[in-house]
Each structure stands twice: as C-alpha cells, then as structure tokens.
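Undergrad: Below is the file work25.pdb, which contains PDB, C-alpha atoms.
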ATOM      1  CA  MET A   1     -41.285  40.363  -1.238
ATOM      2  CA  ARG A   2     -42.512  38.208   1.627
ATOM      3  CA  ALA A   3     -39.407  36.006   1.337
ATOM      4  CA  ASN A   4     -37.130  39.074   1.591
ATOM      5  CA  GLU A   5     -38.859  41.001   4.395
ATOM      6  CA  ARG A   6     -35.957  40.346   6.783
ATOM      7  CA  LEU A   7     -33.364  41.532   4.276
ATOM      8  CA  PHE A   8     -34.973  44.712   2.913
ATOM      9  CA  SER A   9     -37.511  47.250   4.109
ATOM     10  CA  ILE A  10     -41.056  46.913   2.766
ATOM     11  CA  THR A  11     -41.003  50.545   1.651
ATOM     12  CA  ARG A  12     -37.831  50.073  -0.393
ATOM     13  CA  MET A  13     -39.072  46.854  -2.049
ATOM     14  CA  CYS A  14     -42.396  48.517  -2.934
ATOM     15  CA  GLN A  15     -40.511  51.415  -4.551
ATOM     16  CA  VAL A  16     -38.231  49.118  -6.564
ATOM     17  CA  LEU A  17     -41.095  46.884  -7.726
ATOM     18  CA  ASN A  18     -43.496  49.788  -8.237
ATOM     19  CA  VAL A  19     -46.066  48.285  -5.854
ATOM     20  CA  SER A  20     -48.104  50.205  -3.263
ATOM     21  CA  ARG A  21     -47.571  49.305   0.394
ATOM     22  CA  SER A  22     -51.330  48.991   0.922
ATOM     23  CA  GLY A  23     -51.584  46.675  -2.091
ATOM     24  CA  TYR A  24     -48.789  44.454  -0.727
ATOM     25  CA  TYR A  25     -50.372  44.222   2.773
ATOM     26  CA  ASP A  26     -53.796  43.558   1.201
ATOM     27  CA  TRP A  27     -52.312  40.690  -0.873
ATOM     28  CA  LYS A  28     -50.437  39.347   2.167
ATOM     29  CA  SER A  29     -53.551  39.196   4.348
ATOM     30  CA  ARG A  30     -55.788  37.783   1.608
ATOM     31  CA  PRO A  31     -56.587  34.043   2.038
ATOM     32  CA  ALA A  32     -55.190  31.673  -0.576
ATOM     33  CA  SER A  33     -57.402  31.135  -3.617
ATOM     34  CA  ALA A  34     -59.497  27.990  -3.939
ATOM     35  CA  ARG A  35     -57.154  26.746  -6.686
ATOM     36  CA  THR A  36     -54.057  27.303  -4.511
ATOM     37  CA  GLN A  37     -55.700  25.453  -1.615
ATOM     38  CA  ALA A  38     -56.703  22.595  -3.946
ATOM     39  CA  ASN A  39     -53.122  22.400  -5.273
ATOM     40  CA  GLU A  40     -51.737  22.230  -1.718
ATOM     41  CA  ALA A  41     -54.155  19.393  -0.870
ATOM     42  CA  LEU A  42     -53.285  17.543  -4.091
ATOM     43  CA  LEU A  43     -49.569  17.984  -3.404
ATOM     44  CA  LYS A  44     -50.002  16.194  -0.063
ATOM     45  CA  HIS A  45     -51.556  13.228  -1.898
ATOM     46  CA  ILE A  46     -48.722  13.320  -4.455
ATOM     47  CA  GLU A  47     -46.131  13.208  -1.653
ATOM     48  CA  GLN A  48     -47.919  10.247  -0.035
ATOM     49  CA  VAL A  49     -47.925   8.301  -3.315
ATOM     50  CA  HIS A  50     -44.260   9.214  -3.825
ATOM     51  CA  GLN A  51     -43.291   7.825  -0.407
ATOM     52  CA  ARG A  52     -45.447   4.686  -0.724
ATOM     53  CA  ALA A  53     -43.836   3.942  -4.092
ATOM     54  CA  ARG A  54     -40.387   4.255  -2.474
ATOM     55  CA  GLN A  55     -39.747   7.382  -4.594
ATOM     56  CA  CYS A  56     -39.718   5.314  -7.796
ATOM     57  CA  TYR A  57     -42.807   6.695  -9.567
ATOM     58  CA  GLY A  58     -42.583   9.382 -12.202
ATOM     59  CA  ALA A  59     -45.379  11.881 -12.917
ATOM     60  CA  ASP A  60     -47.390   9.458 -15.085
ATOM     61  CA  LYS A  61     -47.469   6.599 -12.562
ATOM     62  CA  THR A  62     -48.181   9.066  -9.752
ATOM     63  CA  TRP A  63     -51.137  10.440 -11.724
ATOM     64  CA  ARG A  64     -52.462   6.911 -12.384
ATOM     65  CA  ALA A  65     -52.196   6.066  -8.662
ATOM     66  CA  LEU A  66     -54.110   9.243  -7.729
ATOM     67  CA  VAL A  67     -56.862   8.482 -10.273
ATOM     68  CA  ALA A  68     -57.077   4.911  -8.885
ATOM     69  CA  GLN A  69     -57.651   6.463  -5.435
ATOM     70  CA  GLY A  70     -60.604   8.400  -6.876
ATOM     71  CA  LEU A  71     -58.927  11.810  -7.062
ATOM     72  CA  ARG A  72     -59.844  13.969 -10.054
ATOM     73  CA  CYS A  73     -56.755  15.676 -11.427
ATOM     74  CA  GLY A  74     -54.941  16.206 -14.688
ATOM     75  CA  ARG A  75     -51.730  14.492 -15.673
ATOM     76  CA  HIS A  76     -49.990  17.793 -16.517
ATOM     77  CA  ARG A  77     -51.109  19.354 -13.240
ATOM     78  CA  VAL A  78     -49.551  16.472 -11.300
ATOM     79  CA  ALA A  79     -46.325  16.829 -13.304
ATOM     80  CA  ARG A  80     -46.252  20.610 -12.692
ATOM     81  CA  LEU A  81     -46.850  20.287  -8.929
ATOM     82  CA  ARG A  82     -44.186  17.570  -8.635
ATOM     83  CA  ARG A  83     -41.699  19.707 -10.539
ATOM     84  CA  LYS A  84     -42.456  22.805  -8.446
ATOM     85  CA  ALA A  85     -42.058  20.813  -5.201
ATOM     86  CA  GLY A  86     -38.803  19.215  -6.418
ATOM     87  CA  ILE A  87     -40.229  15.670  -6.340
ATOM     88  CA  GLU A  88     -38.228  13.402  -8.637
ATOM     89  CA  ALA A  89     -38.232   9.670  -9.181
ATOM     90  CA  ARG A  90     -35.207   7.840  -7.890
ATOM     91  CA  ARG A  91     -33.771   6.118 -10.925
ATOM     92  CA  LYS A  92     -32.733   2.480 -10.763
ATOM     93  CA  ARG A  93     -29.355   1.889 -12.330
ATOM     94  CA  ARG A  94     -29.003  -1.118 -14.558
ATOM     95  CA  PHE A  95     -26.457  -3.688 -13.463
ATOM     96  CA  ARG A  96     -23.568  -3.918 -15.872
ATOM     97  CA  ILE A  97     -21.002  -6.674 -16.231
ATOM     98  CA  THR A  98     -17.770  -4.830 -15.647
ATOM     99  CA  THR A  99     -15.119  -7.501 -16.024
ATOM    100  CA  GLN A 100     -14.721 -10.429 -18.341
ATOM    101  CA  ALA A 101     -11.953 -12.971 -18.501
ATOM    102  CA  ARG A 102      -9.571 -12.413 -21.368
ATOM    103  CA  GLU A 103      -9.316 -15.321 -23.763
ATOM    104  CA  GLY A 104      -6.115 -17.292 -23.495
ATOM    105  CA  VAL A 105      -5.189 -15.859 -20.064
ATOM    106  CA  LYS A 106      -4.929 -18.660 -17.554
ATOM    107  CA  PRO A 107      -5.597 -17.674 -13.936
ATOM    108  CA  ALA A 108      -2.862 -18.306 -11.388
ATOM    109  CA  PRO A 109      -3.433 -21.186  -8.967
ATOM    110  CA  ASN A 110      -5.458 -20.356  -5.871
ATOM    111  CA  VAL A 111      -2.679 -20.520  -3.273
ATOM    112  CA  LEU A 112      -4.843 -18.951  -0.538
ATOM    113  CA  ASP A 113      -7.478 -21.691  -0.924
ATOM    114  CA  GLN A 114      -9.997 -20.109   1.512
ATOM    115  CA  ARG A 115      -7.498 -19.954   4.427
ATOM    116  CA  PHE A 116      -8.379 -16.492   5.732
ATOM    117  CA  ASN A 117      -6.607 -16.619   9.107
ATOM    118  CA  THR A 118      -3.067 -15.287   9.339
ATOM    119  CA  SER A 119      -0.687 -14.984  12.281
ATOM    120  CA  ALA A 120       0.935 -11.625  11.475
ATOM    121  CA  PRO A 121       0.473  -8.481   9.388
ATOM    122  CA  ASN A 122       1.632  -8.339   5.767
ATOM    123  CA  GLN A 123       1.429 -12.073   5.159
ATOM    124  CA  VAL A 124      -1.726 -12.068   3.004
ATOM    125  CA  TRP A 125      -3.412  -9.187   1.220
ATOM    126  CA  VAL A 126      -6.699  -9.644  -0.604
ATOM    127  CA  THR A 127      -7.977  -7.291  -3.274
ATOM    128  CA  ASP A 128     -11.162  -6.623  -5.157
ATOM    129  CA  ILE A 129     -12.826  -3.988  -7.300
ATOM    130  CA  THR A 130     -16.305  -2.569  -6.807
ATOM    131  CA  PHE A 131     -18.301   0.125  -8.552
ATOM    132  CA  ILE A 132     -20.206   3.071  -7.112
ATOM    133  CA  PRO A 133     -23.005   4.864  -8.978
ATOM    134  CA  THR A 134     -22.617   8.668  -8.990
ATOM    135  CA  ALA A 135     -24.469  11.507 -10.709
ATOM    136  CA  GLN A 136     -21.641  11.672 -13.292
ATOM    137  CA  GLY A 137     -21.573   7.909 -13.972
ATOM    138  CA  TRP A 138     -19.812   4.897 -12.499
ATOM    139  CA  LEU A 139     -16.813   5.269 -10.200
ATOM    140  CA  TYR A 140     -14.613   2.209  -9.727
ATOM    141  CA  LEU A 141     -12.837   1.430  -6.452
ATOM    142  CA  ALA A 142      -9.966  -1.023  -6.032
ATOM    143  CA  VAL A 143      -9.219  -1.956  -2.415
ATOM    144  CA  ILE A 144      -6.465  -4.043  -0.793
ATOM    145  CA  VAL A 145      -7.093  -5.446   2.699
ATOM    146  CA  ASP A 146      -4.576  -7.065   5.060
ATOM    147  CA  LEU A 147      -6.199 -10.317   6.231
ATOM    148  CA  TYR A 148      -4.484 -10.133   9.640
ATOM    149  CA  SER A 149      -5.893  -6.774  10.732
ATOM    150  CA  ARG A 150      -8.788  -6.620   8.243
ATOM    151  CA  ARG A 151      -7.696  -3.038   7.531
ATOM    152  CA  VAL A 152      -7.506  -1.350   4.151
ATOM    153  CA  VAL A 153      -3.834  -0.937   3.267
ATOM    154  CA  GLY A 154      -4.276   0.460  -0.244
ATOM    155  CA  TRP A 155      -7.014   1.814  -2.454
ATOM    156  CA  SER A 156      -7.552   3.588  -5.736
ATOM    157  CA  MET A 157     -10.514   5.168  -7.544
ATOM    158  CA  GLY A 158     -11.027   5.826 -11.228
ATOM    159  CA  GLU A 159     -13.485   6.081 -14.081
ATOM    160  CA  ARG A 160     -12.290   2.811 -15.675
ATOM    161  CA  ILE A 161     -11.448  -0.684 -14.581
ATOM    162  CA  ASP A 162      -7.952  -1.046 -15.913
ATOM    163  CA  GLN A 163      -4.458  -2.020 -14.893
ATOM    164  CA  GLN A 164      -3.719   1.500 -13.625
ATOM    165  CA  LEU A 165      -6.590   1.297 -11.113
ATOM    166  CA  VAL A 166      -5.257  -1.929  -9.588
ATOM    167  CA  LEU A 167      -1.598  -0.880  -9.690
ATOM    168  CA  ALA A 168      -2.318   2.453  -7.969
ATOM    169  CA  ALA A 169      -3.927   0.587  -5.044
ATOM    170  CA  LEU A 170      -0.982  -1.839  -4.919
ATOM    171  CA  HIS A 171       1.599   0.974  -5.006
ATOM    172  CA  MET A 172      -0.181   2.719  -2.123
ATOM    173  CA  ALA A 173      -0.193  -0.479  -0.056
ATOM    174  CA  LEU A 174       3.483  -1.185  -0.766
ATOM    175  CA  ALA A 175       4.537   2.379   0.092
ATOM    176  CA  HIS A 176       2.520   2.334   3.324
ATOM    177  CA  ARG A 177       3.398  -1.129   4.584
ATOM    178  CA  ARG A 178       6.763  -2.018   2.988
ATOM    179  CA  PRO A 179       6.155  -5.783   3.302
ATOM    180  CA  ARG A 180       8.931  -8.360   3.284
ATOM    181  CA  GLN A 181       9.374 -10.932   0.562
ATOM    182  CA  GLY A 182       6.821 -13.760   0.670
ATOM    183  CA  LEU A 183       3.655 -11.652   0.871
ATOM    184  CA  LEU A 184       0.678 -13.382  -0.779
ATOM    185  CA  HIS A 185      -1.507 -11.013  -2.827
ATOM    186  CA  HIS A 186      -4.869 -12.650  -3.666
ATOM    187  CA  SER A 187      -7.798 -11.650  -5.884
ATOM    188  CA  ASP A 188     -10.815 -13.502  -7.202
ATOM    189  CA  SER A 189     -11.175 -11.104 -10.131
ATOM    190  CA  LYS A 190     -11.044 -12.726 -13.545
ATOM    191  CA  ASN A 191      -8.658 -10.061 -14.843
ATOM    192  CA  ILE A 192      -6.193 -10.258 -11.964
ATOM    193  CA  PRO A 193      -4.184 -13.417 -11.333
ATOM    194  CA  ALA A 194      -5.759 -15.251  -8.417
ATOM    195  CA  SER A 195      -2.770 -15.507  -6.082
ATOM    196  CA  TYR A 196       0.835 -14.498  -6.389
ATOM    197  CA  SER A 197       3.734 -13.654  -4.105
TER     198      SER A 197
END
Let me see whether you can do it: turn the structure in this file into structure tokens.

TA:
Amino acid sequence: MRANERLFSITRMCQVLNVSRSGYYDWKSRPASARTQANEALLKHIEQVHQRARQCYGADKTWRALVAQGLRCGRHRVARLRRKAGIEARRKRRFRITTQAREGVKPAPNVLDQRFNTSAPNQVWVTDITFIPTAQGWLYLAVIVDLYSRRVVGWSMGERIDQQLVLAALHMALAHRRPRQGLLHHSDSKNIPASYS
C-alpha cells in the first residue's frame, strides 16, 4: 500500500485489501523489527563484499567472506538477502577458439606486408572478425576498414563465423564505396586468404 499511496487513495486500498485505516497507519508508524534492522545492516556488509570482489562472488563466497570478517550469519540468509536485493555475480565467460585453419588450404601471400600507409581511399581495406558476449550467447562481428581514412566501410553481424558473415561485410563495403580495380583486401584470419586484389 505504501508503494501505491500516490496512485490510489488509502481508503480505497484499505477497502480492497480488507484492512482498517487505523491498522495501516499503525503499521506504517511502527519502527522496523530487530530482525529487519539486522537484515538491513547485513545487506550493507554483503554489498561491500560484492563491490570489493569486483561483483564476482556468488552467495557461498560472500558468506565465507562475511564469516571471515567475524559476522555471524547463515549461508541461506545471505543468499536470500542477495536475491531480494538483486545482487548477482558477474559471470566470467570462457575464452573459446573460434577459428582454425582448414587442412590443405594454403594462405595467400601477404602482399600488404605491414605497409599500413596509403595515399588515397579505396587502395587497401583490412578486415577482421571479433566476438561479443551477449546474454543470448556469442555475437560475431566482421569489419572492413579503409586504411587511408581508418573508417569502417563495411560490417556484418551474425551468430556464426562463416563465409556469409564475411561476404555480407564485403558486399556492404563494395556497395558503399564502389572501388576501382586494384583494391587490396587484407586479412590475417586463418580462414580468409591473407591478401588479394
């Protein structure tokens, strides 16, 4: 009721919930119980441990840290207070190898050979793929950058690293820039030829 006082009248809420007005005002003015006050104090300690641990501790490690500090509390109580306050451990994502060279596929020669300075746009494009962790899983991003301007000229996102991901980024770059013949397109990915024109 307290949370909805601005939306509804006290009288109406008391009627709907079958609560007396005097009972509601008595409850509202009553000081918090000793247990509620103790929970609020413990929650402050839980939040401190959570921040010191860079939000990586779960309920069990948080409880162990509190006990090590000399605080008397139960493991389930700590878990319940964390859950109620919305405190969750930030999960570390395991690194995964996302690309592997295919057997028998010989990479193209490295024509770029670390020469990253160009004199005009659309002479050299470099490309790479990265991955972004999301709540639904990994999202893969292929990007093509013009070495002259250092601007992204094409990009593509997808749930898999495959030929379609790379080609979609290339098609975007070609449609946007319409380069002349002789453009060098370079990648250091093991699945994409290193340099080709």

Undergrad: Can you tell me, as a list in words, what residues are no more than 10 Å from stretch 15-31 of chain A when counting only C-alpha atoms, ignoring any on the same chain fewer than 6 positions away?

TA: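 With the cut-off at 10 Å, the set is Met1, Arg2 and Gln37 of chain A.
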
Undergrad: Could you list, as an mmCIF file with C-alpha atoms, keeping the file's coordinate frame, every residue within 9 Å of A:Glu47, counting all atoms listed in the file and ignoring same-chain residues fewer than 5 positions away?

TA:
data_model
loop_
_atom_site.group_PDB
_atom_site.id
_atom_site.type_symbol
_atom_site.label_atom_id
_atom_site.label_comp_id
_atom_site.auth_asym_id
_atom_site.auth_seq_id
_atom_site.Cartn_x
_atom_site.Cartn_y
_atom_site.Cartn_z
ATOM 1 C CA LEU A 42 -53.285 17.543 -4.091
ATOM 2 C CA ARG A 52 -45.447 4.686 -0.724
ATOM 3 C CA ARG A 82 -44.186 17.570 -8.635
ATOM 4 C CA ILE A 87 -40.229 15.670 -6.340
#

Undergrad: Please write the residues picked by the PyMOL selection byres ((chain A and resi 147) around 7) on this file as number ranges by chain.

TA: A: 116-118, 124-126, 145-146, 148-150

Undergrad: Separation of atom CA of A:Arg151 and atom CA of A:Gln163, in Å?

TA: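 So the answer is 22.7 Å.
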
Undergrad: Using all atoms listed in the file, can you tell me which of A:Gln55, A:Ile129, A:Gln48, A:Arg77 comes closest to A:Arg35?

TA: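 Ranking A:Gln55, A:Ile129, A:Gln48, A:Arg77 by distance to A:Arg35, first place goes to A:Arg77.
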
Undergrad: Can you spell out as a JSON list (two decimals) with C-alpha atoms, in the frame of the given file the set of residues that the PyMOL selection byres ((chain A and resi 173) around 12) selects in the structure I just provided?

TA:
[["chain", "number", "residue", "atom", "x", "y", "z"],
["A", 122, "ASN", "CA", 1.63, -8.34, 5.77],
["A", 125, "TRP", "CA", -3.41, -9.19, 1.22],
["A", 126, "VAL", "CA", -6.70, -9.64, -0.60],
["A", 127, "THR", "CA", -7.98, -7.29, -3.27],
["A", 142, "ALA", "CA", -9.97, -1.02, -6.03],
["A", 143, "VAL", "CA", -9.22, -1.96, -2.42],
["A", 144, "ILE", "CA", -6.46, -4.04, -0.79],
["A", 145, "VAL", "CA", -7.09, -5.45, 2.70],
["A", 146, "ASP", "CA", -4.58, -7.06, 5.06],
["A", 151, "ARG", "CA", -7.70, -3.04, 7.53],
["A", 152, "VAL", "CA", -7.51, -1.35, 4.15],
["A", 153, "VAL", "CA", -3.83, -0.94, 3.27],
["A", 154, "GLY", "CA", -4.28, 0.46, -0.24],
["A", 155, "TRP", "CA", -7.01, 1.81, -2.45],
["A", 156, "SER", "CA", -7.55, 3.59, -5.74],
["A", 166, "VAL", "CA", -5.26, -1.93, -9.59],
["A", 167, "LEU", "CA", -1.60, -0.88, -9.69],
["A", 168, "ALA", "CA", -2.32, 2.45, -7.97],
["A", 169, "ALA", "CA", -3.93, 0.59, -5.04],
["A", 170, "LEU", "CA", -0.98, -1.84, -4.92],
["A", 171, "HIS", "CA", 1.60, 0.97, -5.01],
["A", 172, "MET", "CA", -0.18, 2.72, -2.12],
["A", 174, "LEU", "CA", 3.48, -1.18, -0.77],
["A", 175, "ALA", "CA", 4.54, 2.38, 0.09],
["A", 176, "HIS", "CA", 2.52, 2.33, 3.32],
["A", 177, "ARG", "CA", 3.40, -1.13, 4.58],
["A", 178, "ARG", "CA", 6.76, -2.02, 2.99],
["A", 179, "PRO", "CA", 6.16, -5.78, 3.30],
["A", 183, "LEU", "CA", 3.66, -11.65, 0.87],
["A", 185, "HIS", "CA", -1.51, -11.01, -2.83]]

Undergrad: Looking at A:His76, A:Arg90, A:Arg160, A:Arg54, which one is nearest to A:Ala135, with distances taken over all atoms listed in the file?

TA: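 For A:Ala135, the nearest of the candidates is A:Arg90.
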